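> A single structure is presented below for examination.
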Amino acid sequence: MPFSIALAGKGGTGKTTVAGMIIKYLVSKGMTPVLAVDADANANLNEVLGLPVHSTLGTAREEMKKGQVPTGMTKDVFMSMKMEEAVVEADGYDLIVMGQPEGAGCYCAANSLLTGFLEKLAGNYPYLVMDNEAGMEHISRLTTRNVDLLLLVSDPSRRSLQAAVRIHRLARELQIGFTRSCLVVNQCKNGLPDAAKQMLKDEGVELAGVIPEDSTISDYDLEGRPTVEMPETSASIQAAFALFAKLIG
Ligand SMILES: Nc1ncnc2c1ncn2[C@@H]1O[C@H](COP(=O)(O)OP(=O)(O)OP(=O)(O)O)[C@@H](O)[C@H]1O
Ligand SMILES: [Mg+2]
């Protein structure tokens, strides 16, 4: 199984941006192929990566549920084909988008095929990076389970740090089976205040490091350019890569 890294944290803290940076890091170090999983229903990791996405696992599941299976094809074969189609291939990594969660009704058959597909797919990659939606839903739904590294992302605000602490606690209580959990404080203007460091220490949350606020990220974002295309000399990329080198190797 791959070494898997899952992102978690409050909304807008930079989970997707950091996920993109991890993928960029792994690819630049030749730690490939990487499987990038976008588990946010409001998927946008592909934008950070600059990849077009035409279908998702959610679409495959929906089509099977609605019975939109061509004649002469079994449901299983159809579902496999649709799931394969949802894998976007890029240089050094592949991206799979989970898409919208299931609607009402029974999706058991489609879901078991989907789980099997994901497990088999993941087996082909030494590294898996999973971007998640904001909050704790994915932790309590146990979609984020058996991860090697649960990477909490926060901005330097107290509320965001508290949200990260709560996710850390919940993940521990639910015993989702992560090997290590630590926090990255992103969008830092002047490092992290001592009070914040103390709070994390009191809560037993390991601080992996900080990533500075970087106008290059905002500029790329505004221009609709993929963040992964930023030069490695950018302050945020430099800090992030140094941090990943310590965390991932
Ligand atoms: N270090 C940084 N410096 C400047 N801007 C940043 C930095 N990190 C992220 N941003 C910007 O902050 C915004 C939110 O980032 P991002 O989408 O990665 O957050 P998120 O946690 O994934 O959000 P969501 O909870 O909506 O999924 C984006 O516009 C992004 O470009
Ligand atoms: Mg996001």
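Here's how to read the names in the structure tokens: chain A, B, ... by the order shown, residue numbers from 1 in each chain, ligand numbers from 1 in the order shown.
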Mind running chain A against ligand 1 at 10 Å and telling me each contacting residue's nearest atom pair with the distance in Å (one decimal), counting only C-alpha atoms and all ligand atoms, chain and number ascending, as a Markdown table?

| residue | atom | partner | partner_atom_place_in_ligand_line | distance |
| --- | --- | --- | --- | --- |
| A:Leu7 | CA | ligand 1 | 21 (O) | 8.8 |
| A:Ala8 | CA | ligand 1 | 21 (O) | 7.9 |
| A:Gly9 | CA | ligand 1 | 21 (O) | 6.6 |
| A:Lys10 | CA | ligand 1 | 25 (O) | 6.0 |
| A:Gly11 | CA | ligand 1 | 25 (O) | 3.1 |
| A:Gly12 | CA | ligand 1 | 23 (O) | 3.3 |
| A:Thr13 | CA | ligand 1 | 21 (O) | 4.0 |
| A:Gly14 | CA | ligand 1 | 18 (O) | 3.2 |
| A:Lys15 | CA | ligand 1 | 21 (O) | 3.8 |
| A:Thr16 | CA | ligand 1 | 22 (O) | 3.7 |
| A:Thr17 | CA | ligand 1 | 18 (O) | 3.7 |
| A:Val18 | CA | ligand 1 | 18 (O) | 6.4 |
| A:Ala19 | CA | ligand 1 | 18 (O) | 7.9 |
| A:Gly20 | CA | ligand 1 | 18 (O) | 8.4 |
| A:Met21 | CA | ligand 1 | 18 (O) | 9.9 |
| A:Asp40 | CA | ligand 1 | 27 (O) | 7.1 |
| A:Ala41 | CA | ligand 1 | 27 (O) | 9.4 |
| A:Asn42 | CA | ligand 1 | 27 (O) | 7.6 |
| A:Ala43 | CA | ligand 1 | 27 (O) | 8.0 |
| A:Asn44 | CA | ligand 1 | 17 (O) | 7.7 |
| A:Leu45 | CA | ligand 1 | 22 (O) | 8.0 |
| A:Glu47 | CA | ligand 1 | 17 (O) | 9.6 |
| A:Val48 | CA | ligand 1 | 18 (O) | 8.1 |
| A:Asp131 | CA | ligand 1 | 22 (O) | 7.6 |
| A:Asn132 | CA | ligand 1 | 27 (O) | 7.1 |
| A:Glu133 | CA | ligand 1 | 27 (O) | 5.3 |
| A:Ala134 | CA | ligand 1 | 25 (O) | 4.3 |
| A:Gly135 | CA | ligand 1 | 25 (O) | 7.8 |
| A:Leu152 | CA | ligand 1 | 21 (O) | 10.0 |
| A:Val153 | CA | ligand 1 | 21 (O) | 7.3 |
| A:Ser154 | CA | ligand 1 | 21 (O) | 8.1 |
| A:Asp155 | CA | ligand 1 | 8 (N) | 8.6 |
| A:Val185 | CA | ligand 1 | 1 (N) | 9.0 |
| A:Asn186 | CA | ligand 1 | 1 (N) | 5.3 |
| A:Gln187 | CA | ligand 1 | 1 (N) | 4.0 |
| A:Cys188 | CA | ligand 1 | 1 (N) | 7.1 |
| A:Lys189 | CA | ligand 1 | 3 (N) | 9.0 |
| A:Val210 | CA | ligand 1 | 1 (N) | 9.1 |
| A:Ile211 | CA | ligand 1 | 1 (N) | 5.8 |
| A:Pro212 | CA | ligand 1 | 1 (N) | 5.2 |
| A:Glu213 | CA | ligand 1 | 3 (N) | 3.5 |
| A:Asp214 | CA | ligand 1 | 3 (N) | 3.9 |
| A:Ser215 | CA | ligand 1 | 4 (C) | 5.5 |
| A:Thr216 | CA | ligand 1 | 4 (C) | 7.2 |
| A:Ile217 | CA | ligand 1 | 5 (N) | 5.0 |
| A:Ser218 | CA | ligand 1 | 5 (N) | 4.8 |
| A:Asp219 | CA | ligand 1 | 31 (O) | 8.0 |
| A:Tyr220 | CA | ligand 1 | 31 (O) | 7.4 |
| A:Asp221 | CA | ligand 1 | 31 (O) | 5.0 |
| A:Leu222 | CA | ligand 1 | 29 (O) | 7.8 |
| A:Gly224 | CA | ligand 1 | 31 (O) | 9.6 |
| A:Pro226 | CA | ligand 1 | 31 (O) | 9.5 |
| A:Thr227 | CA | ligand 1 | 31 (O) | 7.6 |
| A:Ala235 | CA | ligand 1 | 1 (N) | 8.8 |
| A:Ser236 | CA | ligand 1 | 1 (N) | 5.8 |
| A:Ile237 | CA | ligand 1 | 1 (N) | 8.7 |
| A:Ala239 | CA | ligand 1 | 1 (N) | 9.7 |
| A:Ala240 | CA | ligand 1 | 1 (N) | 9.2 |
> Which polymer residues have any atom within 10 Å of an atom of A:Gly249, counting only C-alpha atoms, with same-chain residues fewer than 4 positions away left out, as a PyMOL selection string?
chain A and resi 26+29+31+242-245
> Generate the output file for the selected residues, C-alpha atoms, as a JSON list (two decimals), in the first residue's frame.

[["chain", "number", "residue", "atom", "x", "y", "z"],
["A", 26, "LEU", "CA", 7.02, 14.33, -4.66],
["A", 29, "LYS", "CA", 12.02, 14.36, -6.05],
["A", 31, "MET", "CA", 9.02, 9.93, -5.61],
["A", 242, "ALA", "CA", 11.88, 22.17, 3.46],
["A", 243, "LEU", "CA", 8.99, 21.12, 5.64],
["A", 244, "PHE", "CA", 8.04, 18.14, 3.42],
["A", 245, "ALA", "CA", 11.67, 17.00, 3.31]]
> If we count only C-alpha atoms and set the cut-off at 12 Å, which residues sit around A:Asn124, ignoring sequence neighbours fewer than 6 positions away in its own chain? Please answer as a PyMOL selection string.
chain A and resi 1-3+32-35+93-94+117-118
> From a backbone DSSP assignment, name each residue in stretch 152-228 of chain A labelled strand (DSSP E), as a JSON list (two decimals) with N, CA, C and O atoms, in the first residue's frame.

[["chain", "number", "residue", "atom", "x", "y", "z"],
["A", 152, "LEU", "N", -2.73, 18.45, 9.22],
["A", 152, "LEU", "CA", -3.71, 19.48, 9.54],
["A", 152, "LEU", "C", -3.18, 20.80, 8.99],
["A", 152, "LEU", "O", -2.00, 21.09, 9.14],
["A", 153, "VAL", "N", -4.05, 21.55, 8.34],
["A", 153, "VAL", "CA", -3.64, 22.84, 7.81],
["A", 153, "VAL", "C", -4.48, 23.92, 8.50],
["A", 153, "VAL", "O", -5.69, 23.79, 8.63],
["A", 154, "SER", "N", -3.77, 24.96, 8.94],
["A", 154, "SER", "CA", -4.45, 26.06, 9.63],
["A", 154, "SER", "C", -3.85, 27.36, 9.13],
["A", 154, "SER", "O", -2.75, 27.37, 8.58],
["A", 180, "ARG", "N", 0.65, 9.25, 12.03],
["A", 180, "ARG", "CA", 1.18, 10.50, 12.56],
["A", 180, "ARG", "C", 0.24, 11.64, 12.16],
["A", 180, "ARG", "O", -0.32, 11.63, 11.07],
["A", 181, "SER", "N", 0.08, 12.59, 13.08],
["A", 181, "SER", "CA", -0.73, 13.76, 12.75],
["A", 181, "SER", "C", 0.08, 14.99, 13.13],
["A", 181, "SER", "O", 0.67, 15.03, 14.21],
["A", 182, "CYS", "N", 0.18, 15.93, 12.24],
["A", 182, "CYS", "CA", 0.86, 17.18, 12.62],
["A", 182, "CYS", "C", 0.29, 18.34, 11.85],
["A", 182, "CYS", "O", -0.49, 18.17, 10.91],
["A", 183, "LEU", "N", 0.66, 19.51, 12.29],
["A", 183, "LEU", "CA", 0.04, 20.74, 11.79],
["A", 183, "LEU", "C", 1.00, 21.61, 10.99],
["A", 183, "LEU", "O", 2.15, 21.82, 11.39],
["A", 184, "VAL", "N", 0.48, 22.12, 9.89],
["A", 184, "VAL", "CA", 1.20, 23.12, 9.12],
["A", 184, "VAL", "C", 0.42, 24.42, 9.24],
["A", 184, "VAL", "O", -0.79, 24.44, 8.99],
["A", 185, "VAL", "N", 1.08, 25.48, 9.67],
["A", 185, "VAL", "CA", 0.39, 26.77, 9.73],
["A", 185, "VAL", "C", 0.76, 27.52, 8.46],
["A", 185, "VAL", "O", 1.92, 27.85, 8.22],
["A", 186, "ASN", "N", -0.27, 27.74, 7.65],
["A", 186, "ASN", "CA", -0.09, 28.36, 6.34],
["A", 186, "ASN", "C", -0.50, 29.83, 6.40],
["A", 186, "ASN", "O", -1.20, 30.25, 7.30],
["A", 187, "GLN", "N", -0.08, 30.58, 5.41],
["A", 187, "GLN", "CA", -0.42, 32.00, 5.29],
["A", 187, "GLN", "C", 0.05, 32.81, 6.50],
["A", 187, "GLN", "O", -0.64, 33.70, 6.97],
["A", 188, "CYS", "N", 1.25, 32.46, 7.00],
["A", 188, "CYS", "CA", 1.81, 33.17, 8.16],
["A", 188, "CYS", "C", 2.45, 34.47, 7.70],
["A", 188, "CYS", "O", 3.23, 34.48, 6.75],
["A", 206, "GLU", "N", 1.53, 18.31, 17.25],
["A", 206, "GLU", "CA", 2.90, 18.53, 16.76],
["A", 206, "GLU", "C", 2.90, 19.58, 15.65],
["A", 206, "GLU", "O", 2.16, 19.46, 14.67],
["A", 207, "LEU", "N", 3.73, 20.60, 15.81],
["A", 207, "LEU", "CA", 3.83, 21.64, 14.79],
["A", 207, "LEU", "C", 4.92, 21.25, 13.78],
["A", 207, "LEU", "O", 6.10, 21.16, 14.13],
["A", 208, "ALA", "N", 4.50, 21.00, 12.54],
["A", 208, "ALA", "CA", 5.48, 20.59, 11.53],
["A", 208, "ALA", "C", 6.24, 21.79, 10.99],
["A", 208, "ALA", "O", 7.41, 21.68, 10.62],
["A", 209, "GLY", "N", 5.59, 22.93, 10.94],
["A", 209, "GLY", "CA", 6.26, 24.13, 10.44],
["A", 209, "GLY", "C", 5.27, 25.13, 9.89],
["A", 209, "GLY", "O", 4.05, 24.92, 9.96],
["A", 210, "VAL", "N", 5.81, 26.22, 9.38],
["A", 210, "VAL", "CA", 4.94, 27.27, 8.84],
["A", 210, "VAL", "C", 5.26, 27.55, 7.37],
["A", 210, "VAL", "O", 6.39, 27.35, 6.92],
["A", 211, "ILE", "N", 4.26, 27.98, 6.65],
["A", 211, "ILE", "CA", 4.42, 28.41, 5.26],
["A", 211, "ILE", "C", 3.98, 29.87, 5.22],
["A", 211, "ILE", "O", 2.89, 30.20, 5.69],
["A", 212, "PRO", "N", 4.83, 30.73, 4.69],
["A", 212, "PRO", "CA", 4.49, 32.16, 4.73],
["A", 212, "PRO", "C", 3.37, 32.53, 3.75],
["A", 212, "PRO", "O", 3.14, 31.82, 2.77]]
> Go through A:Ile248, A:Met64, A:Ile5, A:Ala171 and flag the residue nearest A:Asn111, using only C-alpha atoms for the distances.
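Selected residue with least distance to A:Asn111: A:Met64.
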> Just to confirm, what's the straight-line distance from atom CA of A:Leu114 to atom CA of A:Met83 in Å (one decimal)?
7.7 Å
> Between A:His138, A:Arg166, A:Arg225, A:Arg61, which one has atoms that come closest to A:Val205, using only C-alpha atoms?
A:Arg166
> Mind giving me the straight-line distance from atom CA of A:Met136 to atom CA of A:Ala6 in Å, one decimal?
12.6 Å
> List every residue of stretch 2-38 of chain A that DSSP, applied to the backbone, labels as alpha helix (DSSP H), and write the result as a ChimeraX atom specification.
/A:15-28
> Given the selection you just returned, output its residues as a file containing N, CA and C atoms, formatted as a short mmCIF file (atom, residue, chain, number, x, y, z; two decimals), in the first residue's frame.

data_model
loop_
_atom_site.label_atom_id
_atom_site.label_comp_id
_atom_site.auth_asym_id
_atom_site.auth_seq_id
_atom_site.Cartn_x
_atom_site.Cartn_y
_atom_site.Cartn_z
N LYS A 15 -5.65 23.94 2.36
CA LYS A 15 -5.50 22.48 2.22
C LYS A 15 -5.19 22.08 0.78
N THR A 16 -5.99 22.64 -0.15
CA THR A 16 -5.83 22.25 -1.55
C THR A 16 -4.50 22.76 -2.09
N THR A 17 -4.14 23.99 -1.72
CA THR A 17 -2.86 24.56 -2.15
C THR A 17 -1.71 23.70 -1.63
N VAL A 18 -1.77 23.32 -0.35
CA VAL A 18 -0.70 22.51 0.25
C VAL A 18 -0.68 21.11 -0.39
N ALA A 19 -1.86 20.56 -0.68
CA ALA A 19 -1.91 19.25 -1.36
C ALA A 19 -1.17 19.34 -2.69
N GLY A 20 -1.43 20.43 -3.42
CA GLY A 20 -0.76 20.64 -4.70
C GLY A 20 0.75 20.74 -4.53
N MET A 21 1.17 21.43 -3.47
CA MET A 21 2.61 21.58 -3.20
C MET A 21 3.26 20.23 -2.87
N ILE A 22 2.53 19.38 -2.14
CA ILE A 22 3.08 18.06 -1.79
C ILE A 22 3.27 17.24 -3.07
N ILE A 23 2.28 17.31 -3.95
CA ILE A 23 2.37 16.57 -5.22
C ILE A 23 3.55 17.09 -6.04
N LYS A 24 3.69 18.42 -6.08
CA LYS A 24 4.81 19.04 -6.81
C LYS A 24 6.14 18.56 -6.21
N TYR A 25 6.19 18.51 -4.87
CA TYR A 25 7.40 18.08 -4.18
C TYR A 25 7.75 16.64 -4.55
N LEU A 26 6.77 15.75 -4.40
CA LEU A 26 7.02 14.33 -4.66
C LEU A 26 7.47 14.10 -6.10
N VAL A 27 6.82 14.80 -7.03
CA VAL A 27 7.18 14.65 -8.44
C VAL A 27 8.60 15.18 -8.68
N SER A 28 8.92 16.34 -8.05
CA SER A 28 10.25 16.92 -8.27
C SER A 28 11.36 16.05 -7.68
#
